[in-house]
$ cat my_file.txt   # compact mmCIF, C-alpha atoms
# COMPACT_ATOMS: atom_id res chain seq x y z
CA MET E 227 30.99 15.60 -111.92
CA VAL E 228 28.77 12.54 -111.75
CA ILE E 229 29.31 11.70 -115.44
CA GLN E 230 33.10 11.79 -115.06
CA THR E 231 33.03 9.64 -111.91
CA GLY E 232 30.71 7.09 -113.52
CA PHE E 233 32.80 6.99 -116.69
CA ASN E 234 36.02 6.43 -114.71
CA TRP E 235 34.38 3.62 -112.75
CA LEU E 236 33.12 1.99 -115.95
CA ILE E 237 36.57 2.08 -117.55
CA GLU E 238 38.11 0.53 -114.44
CA GLN E 239 35.73 -2.46 -114.73
CA GLN E 240 36.58 -3.32 -118.33
CA LEU E 241 39.25 -5.93 -117.63
CA LEU E 242 36.98 -7.89 -115.29
CA LEU E 243 33.97 -7.53 -117.60
CA SER E 244 35.94 -8.56 -120.69
CA ILE E 245 37.15 -11.72 -118.94
CA LEU E 246 33.59 -12.56 -117.87
CA PHE E 247 32.23 -11.85 -121.36
CA CYS E 248 34.86 -14.08 -122.99
CA GLY E 249 34.11 -16.92 -120.59
CA PHE E 250 30.37 -16.72 -121.20
CA ILE E 251 30.77 -16.54 -125.00
CA LEU E 252 33.09 -19.56 -125.00
CA LEU E 253 30.62 -21.56 -122.90
CA GLU E 254 27.80 -20.68 -125.30
CA ARG E 255 29.89 -21.69 -128.30
CA PHE E 256 31.54 -24.85 -127.03
CA GLY E 257 29.92 -25.94 -123.77
CA LEU E 258 26.29 -26.58 -124.67
CA LYS E 259 26.70 -30.28 -125.42
CA ALA E 260 28.19 -30.98 -121.99
CA LEU E 261 26.31 -28.43 -119.91
CA GLY E 262 23.00 -27.77 -121.66
CA SER E 263 21.59 -24.43 -122.74
CA ARG E 264 19.47 -23.84 -119.64
CA PHE E 265 22.47 -24.29 -117.33
CA VAL E 266 24.66 -21.93 -119.37
CA TYR E 267 21.83 -19.39 -119.65
CA LYS E 268 21.52 -19.28 -115.85
CA LEU E 269 25.27 -18.66 -115.58
CA ALA E 270 24.60 -15.18 -116.97
CA TRP E 271 23.77 -14.19 -113.38
CA LEU E 272 27.47 -14.58 -112.59
CA LEU E 273 28.23 -11.42 -114.58
CA PRO E 274 26.38 -8.92 -112.36
CA ALA E 275 27.23 -10.98 -109.25
CA ALA E 276 30.96 -10.79 -109.98
CA LEU E 277 30.71 -7.07 -110.70
CA VAL E 278 28.93 -6.41 -107.41
CA ILE E 279 31.36 -8.56 -105.38
CA ALA E 280 34.38 -6.91 -107.00
CA ASN E 281 33.06 -3.50 -105.98
CA LEU E 282 31.98 -4.22 -102.42
CA PRO E 283 32.82 -1.19 -100.26
CA ASN E 284 35.75 -1.46 -97.91
CA ALA E 285 35.26 -1.19 -94.19
CA ILE E 286 35.03 2.43 -93.06
CA LYS E 287 38.50 3.59 -92.17
CA PRO E 288 39.20 6.34 -89.58
CA LEU E 289 40.40 9.66 -90.91
CA GLN E 290 41.86 11.10 -87.70
CA ASN E 291 45.43 9.90 -88.19
CA SER E 292 45.61 9.95 -91.97
CA ASN E 293 48.50 11.79 -93.56
CA ILE E 294 47.28 15.10 -94.91
CA SER E 295 48.94 17.40 -97.43
CA HIS E 296 48.52 21.17 -97.65
CA TYR E 297 48.47 23.36 -100.73
CA LEU E 298 48.08 27.12 -100.84
CA ILE E 299 45.95 28.83 -103.48
CA THR E 300 45.95 32.61 -103.93
CA PRO E 301 44.17 34.82 -106.48
CA ASN E 302 47.45 36.11 -107.96
CA GLN E 303 49.28 32.83 -108.62
CA PRO E 304 49.38 31.36 -112.12
CA PHE E 305 46.82 28.66 -112.82
CA THR E 306 47.01 25.68 -115.11
CA ASN E 307 44.13 25.61 -117.51
CA GLU E 308 43.72 22.64 -119.83
CA VAL E 309 41.20 22.67 -122.61
CA GLY E 310 40.62 19.33 -124.26
CA ILE E 311 38.11 16.71 -125.22
CA SER E 312 35.97 15.47 -122.38
CA TRP E 313 35.88 11.74 -123.00
CA ALA E 314 33.20 11.32 -120.35
CA LEU E 315 30.97 13.86 -122.09
CA MET E 316 31.57 12.22 -125.47
CA TYR E 317 30.69 8.83 -123.96
CA ALA E 318 27.50 10.26 -122.45
CA LEU E 319 26.43 11.79 -125.76
CA ILE E 320 27.05 8.58 -127.73
CA THR E 321 25.26 6.50 -125.10
CA ALA E 322 22.27 8.84 -125.13
CA GLY E 323 22.21 8.67 -128.93
CA LEU E 324 22.18 4.86 -128.88
CA LEU E 325 19.39 4.77 -126.29
CA ILE E 326 17.31 7.15 -128.39
CA ALA E 327 18.09 5.12 -131.52
CA SER E 328 16.98 1.93 -129.76
CA PHE E 329 13.68 3.53 -128.75
CA ILE E 330 13.08 4.85 -132.28
CA THR E 331 14.00 1.46 -133.80
CA HIS E 332 11.41 -0.35 -131.67
CA THR E 333 8.73 2.28 -132.30
CA ARG E 334 9.24 2.33 -136.06
CA PHE E 335 9.39 -1.44 -136.25
CA VAL E 336 6.02 -1.85 -134.54
CA LYS E 337 4.45 0.80 -136.79
CA SER E 338 5.88 -0.86 -139.90
CA LEU E 339 4.17 -4.17 -139.07
CA GLN E 340 0.68 -2.77 -139.82
CA LEU E 341 -0.88 -5.24 -137.44
CA THR E 342 -4.29 -6.80 -137.92
CA GLU E 343 -5.86 -8.29 -134.82
CA LEU E 344 -7.16 -11.84 -134.96
CA THR E 345 -10.55 -11.83 -133.25
CA GLN E 346 -11.03 -15.57 -133.65
CA PHE E 347 -7.95 -17.67 -133.08
CA GLU E 348 -8.01 -21.37 -132.36
CA GLY E 349 -4.53 -21.57 -130.90
CA THR E 350 -3.82 -21.80 -127.19
CA LEU E 351 -2.09 -18.78 -125.72
CA THR E 352 -1.46 -17.31 -122.30
CA ALA E 353 -4.50 -15.42 -121.01
CA ASP E 354 -4.90 -11.77 -122.02
CA VAL E 355 -2.33 -12.03 -124.84
CA LYS E 356 -3.70 -10.72 -128.12
CA THR E 357 -2.75 -12.24 -131.47
CA TYR E 358 -2.09 -10.24 -134.62
CA THR E 359 -1.10 -10.96 -138.19
CA SER E 360 1.20 -8.97 -140.42
CA GLN E 361 2.27 -9.16 -144.04
CA HIS E 362 5.66 -7.73 -143.06
CA VAL E 363 6.94 -10.63 -140.93
CA ALA E 364 8.13 -13.99 -142.19
CA THR E 365 8.29 -15.68 -138.80
CA PRO E 366 6.20 -15.68 -135.62
CA MET E 367 7.44 -13.26 -132.97
CA VAL E 368 6.46 -11.66 -129.67
CA ILE E 369 6.48 -7.86 -129.44
CA GLY E 370 5.92 -5.53 -126.50
CA ILE E 371 8.15 -5.04 -123.48
CA LEU E 372 5.51 -5.06 -120.73
CA ASN E 373 2.36 -6.08 -122.63
CA SER E 374 3.21 -9.02 -124.87
CA LYS E 375 1.58 -9.44 -128.28
CA LEU E 376 1.96 -12.40 -130.61
CA VAL E 377 2.49 -11.56 -134.28
CA LEU E 378 2.06 -14.26 -136.94
CA PRO E 379 2.69 -14.09 -140.68
CA SER E 380 -0.48 -13.42 -142.65
CA ASN E 381 -0.16 -16.81 -144.34
CA TYR E 382 0.48 -18.75 -141.13
CA ASN E 383 -2.35 -21.21 -141.96
CA ALA E 384 -0.66 -22.16 -145.22
CA GLN E 385 2.83 -22.06 -143.75
CA PHE E 386 2.13 -24.36 -140.78
CA ASP E 387 -0.14 -27.33 -140.24
CA LYS E 388 -2.07 -27.62 -136.97
CA ALA E 389 0.46 -29.87 -135.25
CA THR E 390 3.39 -27.60 -136.16
CA LEU E 391 1.46 -24.45 -135.24
CA ALA E 392 0.71 -25.92 -131.81
CA LEU E 393 4.44 -26.43 -131.18
CA ILE E 394 5.22 -22.89 -132.35
CA LEU E 395 2.56 -21.43 -130.08
CA GLU E 396 4.00 -23.42 -127.19
CA HIS E 397 7.38 -21.88 -127.95
CA GLU E 398 5.94 -18.36 -127.98
CA ASN E 399 4.08 -19.06 -124.74
CA VAL E 400 7.40 -19.79 -123.07
CA HIS E 401 8.68 -16.37 -124.19
CA ILE E 402 5.52 -14.69 -122.92
CA LYS E 403 5.42 -16.44 -119.54
CA ARG E 404 9.10 -15.74 -118.87
CA LYS E 405 8.76 -12.08 -119.93
CA ASP E 406 11.71 -12.57 -122.27
CA ASN E 407 11.20 -9.24 -124.03
CA LEU E 408 11.53 -7.44 -120.70
CA THR E 409 14.63 -9.52 -119.95
CA ASN E 410 16.07 -8.58 -123.35
CA ALA E 411 15.45 -4.90 -122.70
CA LEU E 412 17.16 -5.13 -119.29
CA ILE E 413 20.14 -6.88 -120.90
CA LEU E 414 20.24 -4.45 -123.83
CA LEU E 415 20.52 -1.44 -121.50
CA PRO E 416 23.92 -2.35 -119.96
CA THR E 417 25.07 -3.51 -123.41
CA ILE E 418 24.42 -0.02 -124.74
CA LEU E 419 26.21 1.44 -121.71
CA LEU E 420 29.19 -0.69 -122.76
CA TRP E 421 28.86 0.16 -126.46
CA PHE E 422 32.64 0.66 -126.81
CA ASN E 423 33.38 -2.95 -125.79
CA PRO E 424 32.69 -5.35 -128.70
CA LEU E 425 32.68 -8.28 -126.28
CA ALA E 426 29.56 -6.82 -124.63
CA TRP E 427 27.66 -7.01 -127.94
CA ALA E 428 28.95 -10.53 -128.60
CA CYS E 429 27.82 -11.56 -125.11
CA TYR E 430 24.38 -10.01 -125.72
CA ALA E 431 24.04 -12.02 -128.95
CA SER E 432 25.05 -15.18 -127.06
CA MET E 433 22.38 -14.56 -124.44
CA ARG E 434 19.74 -14.10 -127.14
CA ARG E 435 20.71 -17.37 -128.80
CA LEU E 436 20.68 -19.17 -125.46
CA GLN E 437 17.24 -17.74 -124.78
CA GLU E 438 15.90 -19.41 -127.91
CA LEU E 439 17.69 -22.68 -127.13
CA THR E 440 16.20 -22.82 -123.64
CA CYS E 441 12.76 -22.27 -125.17
CA ASP E 442 13.35 -25.17 -127.52
CA GLU E 443 14.35 -27.44 -124.64
CA ARG E 444 11.23 -26.59 -122.64
CA VAL E 445 8.94 -27.12 -125.64
CA LEU E 446 10.46 -30.45 -126.64
CA ALA E 447 10.64 -31.89 -123.14
CA ASN E 448 8.68 -35.18 -123.12
CA LYS E 449 7.82 -34.79 -126.82
CA THR E 450 7.85 -37.67 -129.33
CA THR E 451 10.42 -38.13 -132.08
CA GLN E 452 7.79 -37.13 -134.65
CA GLN E 453 7.18 -33.87 -132.81
CA HIS E 454 10.91 -33.23 -132.73
CA ILE E 455 10.98 -33.62 -136.52
CA LEU E 456 7.97 -31.31 -136.99
CA TYR E 457 9.54 -28.69 -134.75
CA SER E 458 12.87 -28.87 -136.60
CA LYS E 459 11.11 -28.41 -139.94
CA ALA E 460 9.29 -25.40 -138.51
CA LEU E 461 12.61 -23.86 -137.46
CA ILE E 462 13.97 -24.27 -140.96
CA SER E 463 10.93 -22.58 -142.50
CA CYS E 464 11.20 -19.75 -139.97
CA ALA E 465 14.84 -18.96 -140.68
CA ALA E 466 15.11 -15.26 -141.42
CA ASN E 467 17.72 -12.57 -141.76
CA ALA E 468 16.75 -10.67 -138.65
CA PRO E 469 19.82 -9.53 -136.68
CA THR E 470 19.30 -8.72 -133.01
CA GLY E 471 21.07 -5.35 -133.07
CA LEU E 472 19.17 -2.86 -130.93
CA MET E 473 16.04 -5.04 -130.93
CA ALA E 474 14.76 -6.55 -127.69
CA TYR E 475 11.84 -8.47 -129.22
CA SER E 476 11.92 -12.27 -129.34
CA HIS E 477 12.13 -13.78 -132.79
CA TYR E 478 13.38 -17.00 -134.34
CA GLY E 479 16.74 -15.63 -135.42
CA ASP E 480 18.93 -15.89 -138.49
CA LYS E 481 20.05 -18.99 -140.35
CA LYS E 482 23.19 -19.40 -138.23
CA THR E 483 21.09 -19.39 -135.08
CA MET E 484 18.71 -21.92 -136.64
CA LEU E 485 21.60 -24.27 -137.37
CA GLN E 486 22.74 -24.02 -133.75
CA ARG E 487 19.22 -24.72 -132.53
CA LEU E 488 18.84 -27.77 -134.77
CA THR E 489 22.19 -29.09 -133.55
CA ASN E 490 21.13 -28.57 -129.95
CA ILE E 491 17.85 -30.43 -130.56
CA LYS E 492 19.78 -33.31 -132.13
CA HIS E 493 22.11 -33.63 -129.13
CA SER E 494 19.55 -32.89 -126.44
CA GLY E 495 19.55 -35.35 -123.58
CA LYS E 496 21.50 -35.96 -120.42
CA HIS E 497 24.33 -33.54 -119.75
CA SER E 498 27.51 -34.07 -117.77
CA LYS E 499 26.93 -33.56 -114.06
CA PHE E 500 30.70 -33.66 -113.59
CA ALA E 501 31.16 -30.74 -116.02
CA LYS E 502 28.40 -28.74 -114.31
CA GLY E 503 29.82 -29.39 -110.85
CA GLY E 504 33.33 -28.49 -111.96
CA LEU E 505 32.18 -25.27 -113.56
CA LEU E 506 30.19 -24.28 -110.48
CA LEU E 507 33.28 -24.93 -108.35
CA VAL E 508 35.38 -22.71 -110.61
CA ALA E 509 32.71 -20.00 -110.50
CA ALA E 510 32.49 -20.16 -106.71
CA SER E 511 36.28 -19.95 -106.45
CA MET E 512 36.32 -16.94 -108.75
CA LEU E 513 33.65 -15.10 -106.75
CA SER E 514 35.40 -15.92 -103.49
CA GLY E 515 38.66 -14.65 -104.91
CA LEU E 516 37.03 -11.39 -105.91
CA ALA E 517 35.46 -11.03 -102.47
CA ILE E 518 38.70 -11.50 -100.52
CA ALA E 519 41.06 -9.89 -103.01
CA LYS E 520 43.42 -7.36 -101.49
CA GLN E 521 41.97 -3.90 -101.68
CA PRO E 522 43.93 -0.67 -102.00
CA GLU E 523 45.02 0.52 -98.58
CA ALA E 524 44.67 3.91 -97.01
CA MET E 525 47.76 6.10 -97.24
CA THR E 526 49.80 6.27 -94.06
CA LYS E 527 52.44 8.69 -92.85
CA GLU E 528 55.14 6.50 -94.37
CA ASP E 529 53.64 6.92 -97.84
CA HIS E 530 55.14 10.14 -99.13
CA ILE E 531 53.45 10.57 -102.47
CA SER E 532 52.89 13.76 -104.37
CA PRO E 533 51.03 14.49 -107.59
CA THR E 534 52.99 14.44 -110.83
CA MET E 535 50.45 16.85 -112.29
CA ARG E 536 48.61 19.25 -109.99
CA ILE E 537 45.93 21.51 -111.41
CA GLU E 538 45.51 24.59 -109.24
CA PRO E 539 41.91 25.46 -108.34
CA LEU E 540 40.53 28.75 -109.56
CA TYR E 541 40.00 31.23 -106.78
CA PRO E 542 36.26 32.07 -106.88
CA LYS E 543 35.94 35.61 -108.23
CA GLN E 544 33.27 36.63 -105.75
CA ALA E 545 35.34 35.36 -102.80
CA ALA E 546 38.42 37.22 -104.04
CA GLN E 547 36.46 40.46 -104.48
CA GLN E 548 35.06 40.20 -100.95
CA GLY E 549 38.43 39.26 -99.44
CA ILE E 550 37.24 35.84 -98.23
CA SER E 551 39.86 33.22 -97.30
CA GLY E 552 39.22 29.65 -96.23
CA SER E 553 40.18 25.99 -96.46
CA VAL E 554 38.72 22.78 -97.86
CA VAL E 555 39.69 19.24 -96.82
CA LEU E 556 39.08 16.66 -99.54
CA LYS E 557 39.11 12.89 -99.37
CA TYR E 558 39.83 10.87 -102.50
CA ASP E 559 41.24 7.62 -103.85
CA ILE E 560 44.21 7.16 -106.15
CA THR E 561 43.69 4.42 -108.73
CA PRO E 562 46.54 2.08 -109.75
CA ASN E 563 47.00 4.08 -112.96
CA GLY E 564 47.52 7.28 -110.96
CA GLU E 565 44.17 8.99 -111.44
CA THR E 566 42.00 10.41 -108.66
CA ALA E 567 38.55 8.99 -107.97
CA ASN E 568 35.69 9.30 -105.46
CA VAL E 569 36.52 12.91 -104.59
CA SER E 570 34.43 14.24 -101.72
CA VAL E 571 34.52 17.17 -99.30
CA VAL E 572 35.25 16.19 -95.69
CA SER E 573 35.23 19.66 -94.20
CA ALA E 574 35.15 23.24 -95.46
CA LYS E 575 35.42 26.64 -93.81
CA PRO E 576 33.50 28.66 -94.81
CA GLU E 577 31.06 26.15 -96.27
CA ALA E 578 30.10 25.94 -99.95
CA ILE E 579 32.47 28.75 -101.04
CA PHE E 580 35.53 26.90 -102.31
CA ASP E 581 34.13 23.33 -102.54
CA ARG E 582 33.23 23.29 -106.24
CA GLU E 583 36.56 24.62 -107.56
CA ALA E 584 38.55 22.43 -105.16
CA LYS E 585 36.81 19.23 -106.30
CA LYS E 586 36.98 20.23 -109.96
CA ALA E 587 40.76 20.71 -109.79
CA LEU E 588 41.47 17.61 -107.71
CA ARG E 589 39.72 15.36 -110.22
CA GLN E 590 42.41 16.33 -112.75
CA TRP E 591 45.43 15.53 -110.56
CA GLN E 592 47.75 12.75 -111.63
CA TYR E 593 50.03 10.52 -109.54
CA LYS E 594 52.65 7.92 -110.36
CA PRO E 595 51.10 4.52 -111.16
CA SER E 596 51.23 2.00 -108.31
CA SER E 597 50.41 -1.66 -107.88
CA MET E 598 47.24 -1.23 -105.81
CA GLY E 599 46.65 2.50 -105.56
CA TYR E 600 45.56 4.27 -102.37
CA GLN E 601 42.29 4.97 -100.65
CA ASN E 602 41.08 7.68 -98.28
CA VAL E 603 43.84 10.13 -99.15
CA LEU E 604 43.40 13.55 -97.54
CA VAL E 605 44.46 16.94 -98.82
CA GLN E 606 43.75 20.40 -97.47
CA LEU E 607 43.59 23.27 -99.93
CA ASP E 608 44.04 26.66 -98.27
CA PHE E 609 42.52 29.56 -100.19
CA ALA E 610 44.11 32.86 -99.08
CA ILE E 611 44.06 36.41 -100.42
CA ASN E 612 47.84 36.55 -99.87
CA ASN E 613 50.57 34.07 -99.06
CA GLU E 614 50.19 34.53 -95.31
CA VAL E 615 47.76 31.95 -94.00
CA ALA E 616 47.66 29.91 -90.84
CA ASN E 617 48.36 26.25 -91.55
CA THR E 618 45.42 24.88 -89.56
CA ASP E 619 43.95 21.43 -90.02
CA LEU E 620 40.18 21.28 -90.27
CA ILE E 621 40.20 17.63 -89.16
CA GLU E 622 40.53 16.94 -85.46
CA ARG E 623 43.39 14.56 -84.79
CA ILE E 624 43.14 12.16 -81.88
CA LYS E 625 46.11 10.15 -80.69
CA VAL E 626 45.19 6.85 -79.12
CA SER E 627 47.75 4.99 -76.98
CA HIS E 628 47.68 2.01 -74.70

$ encode --input "my_file.txt" --output "structure tokens"
Amino acid sequence: MVIQTGFNWLIEQQLLLSILFCGFILLERFGLKALGSRFVYKLAWLLPAALVIANLPNAIKPLQNSNISHYLITPNQPFTNEVGISWALMYALITAGLLIASFITHTRFVKSLQLTELTQFEGTLTADVKTYTSQHVATPMVIGILNSKLVLPSNYNAQFDKATLALILEHENVHIKRKDNLTNALILLPTILLWFNPLAWACYASMRRLQELTCDERVLANKTTQQHILYSKALISCAANAPTGLMAYSHYGDKKTMLQRLTNIKHSGKHSKFAKGGLLLVAASMLSGLAIAKQPEAMTKEDHISPTMRIEPLYPKQAAQQGISGSVVLKYDITPNGETANVSVVSAKPEAIFDREAKKALRQWQYKPSSMGYQNVLVQLDFAINNEVANTDLIERIKVSH
């Protein structure tokens, strides 16, 4: 089943992802003064890059001389049937619920704003971006994933003077030009897929804070000290209790985020090139290590392994009634923890009769844990009406000598 395979793969990635999440969170908390927010924000690309490199496919290995095991399945032998909770199905249901909840949250939030469009607005905004006011927001914010809209508090004229409003609009323009709401939605999606890992949510919050910090840096670049002061005062007045949660829309953040932004403005300036170079060197070494790391090897004839738990396939009722016998050769991997993965049919005779039950059973087999696991393991399941069946391999074996 696709859900089961995807769930198993996701669980196998948790150690790597948790290490990456911890590193990114620590950099966001303690490395901004030396590295700068824009540099750390760009390091977020290392997360998907490391995941892709760690899962690069191995070179295609020949199957002709692989060790192959045989198992006989008959309609009259006892079968092992296990009824239990499908963790993959539970994960899929919770994930679907969170995705639906996120969509409903965004929809209800926009409806609750009761927007009023500003037909005459003196501020400078990116072309084709409409401006609205709302009595239900305390801070300026950008809404819309694909089509950005600026929302201002109804009393924005009283809350901000012209000079401060110009800086705020410049900040929102940065969000709009960079399509930050779309970025947030794309980051929120994998975060929801990893809902069971609290580090994923902490990393998402760190990215959102860094997003605001990078906006601040771009706005205040080449600005005067007086403008820095005006901007800092505006941040204080915009502090709000608005947790990110399932929201992808850009807003000014809570009071803790405001304090971090004010601190970053205070210490903005030249950052350590030595620290940046050293971190890039460490990152490059890490990615190289993942790329050349030893991969699980294909099982050879010297590897005599057998399952510690073997679930017998069900003999298809229709095939048993019609007296049909046959065989299925399956290829699969054995993970270091002894589970099967990447189960696929190599050959079947007759075709599409026994494939489904064979794959379903093999996904439940268990092996002894090993250091690296195995790849490209072959097994032939012979389905026979009685115990008398010719032990014939469906894979042609070619011996090559020199």

$ closest_residue --input "my_file.txt" --among "E:Ser573, E:Thr357, E:Thr300, E:Asn448" --to "E:Pro539" --atoms "all atoms listed in the file"
E:Thr300

$ residues_around --input "my_file.txt" --residues "E:Phe250" --least-positions-apart "3" --cutoff "9 Å" --atoms "only C-alpha atoms" --output "list in words"
Ile245, Leu246, Phe247, Leu253, Glu254, Arg255, Val266, Leu269, Ala270, Leu273, Cys429, Ser432 and Met433 of chain E

$ closest_residue --input "my_file.txt" --among "E:Phe386, E:Tyr358, E:Tyr457, E:Trp421" --to "E:Tyr317" --atoms "only C-alpha atoms"
E:Trp421

$ residues_near_point --input "my_file.txt" --point "(32.2, 0.8, -119.5)" --cutoff "8 Å" --atoms "all atoms listed in the file" --output "mmCIF file with C-alpha atoms, keeping the file's coordinate frame"
data_model
loop_
_atom_site.group_PDB
_atom_site.id
_atom_site.type_symbol
_atom_site.label_atom_id
_atom_site.label_comp_id
_atom_site.auth_asym_id
_atom_site.auth_seq_id
_atom_site.Cartn_x
_atom_site.Cartn_y
_atom_site.Cartn_z
ATOM 1 C CA PHE E 233 32.800 6.990 -116.690
ATOM 2 C CA TRP E 235 34.380 3.620 -112.750
ATOM 3 C CA LEU E 236 33.120 1.990 -115.950
ATOM 4 C CA ILE E 237 36.570 2.080 -117.550
ATOM 5 C CA GLU E 238 38.110 0.530 -114.440
ATOM 6 C CA GLN E 239 35.730 -2.460 -114.730
ATOM 7 C CA GLN E 240 36.580 -3.320 -118.330
ATOM 8 C CA LEU E 419 26.210 1.440 -121.710
ATOM 9 C CA LEU E 420 29.190 -0.690 -122.760
ATOM 10 C CA TRP E 421 28.860 0.160 -126.460
ATOM 11 C CA PHE E 422 32.640 0.660 -126.810
ATOM 12 C CA ASN E 423 33.380 -2.950 -125.790
#

$ atom_distance --input "my_file.txt" --atom1 "atom CA of E:Asn407" --atom2 "atom CA of E:Ile371"
5.2 Å

$ closest_residue --input "my_file.txt" --among "E:Asn612, E:Gln346, E:Gln606, E:Thr450" --to "E:Ser295" --atoms "all atoms listed in the file"
E:Gln606

$ atom_distance --input "my_file.txt" --atom1 "atom CA of E:Leu277" --atom2 "atom CA of E:Leu242"
7.8 Å

$ closest_residue --input "my_file.txt" --among "E:Leu378, E:Val569, E:Ala428, E:Ile462" --to "E:Ser244" --atoms "only C-alpha atoms"
E:Ala428

$ closest_residue --input "my_file.txt" --among "E:Gly503, E:Leu395, E:Ser374, E:Leu415" --to "E:Ala260" --atoms "all atoms listed in the file"
E:Gly503

$ closest_residue --input "my_file.txt" --among "E:Val571, E:Leu412, E:Leu243, E:Met367" --to "E:Val278" --atoms "all atoms listed in the file"
E:Leu243

$ atom_distance --input "my_file.txt" --atom1 "atom CA of E:Gly552" --atom2 "atom CA of E:Ala578"
10.5 Å

$ residues_around --input "my_file.txt" --residues "E:Ser263" --least-positions-apart "3" --cutoff "10 Å" --atoms "all atoms listed in the file" --output "list in words"
Leu253, Glu254, Gly257, Leu258, Lys259, Ala260, Val266, Tyr267, Lys268, Leu269, Arg435, Leu436, Gln437, Glu438, Leu439, Thr440, Cys441, Asp442, Glu443, Asn490, Ser494 and His497 of chain E
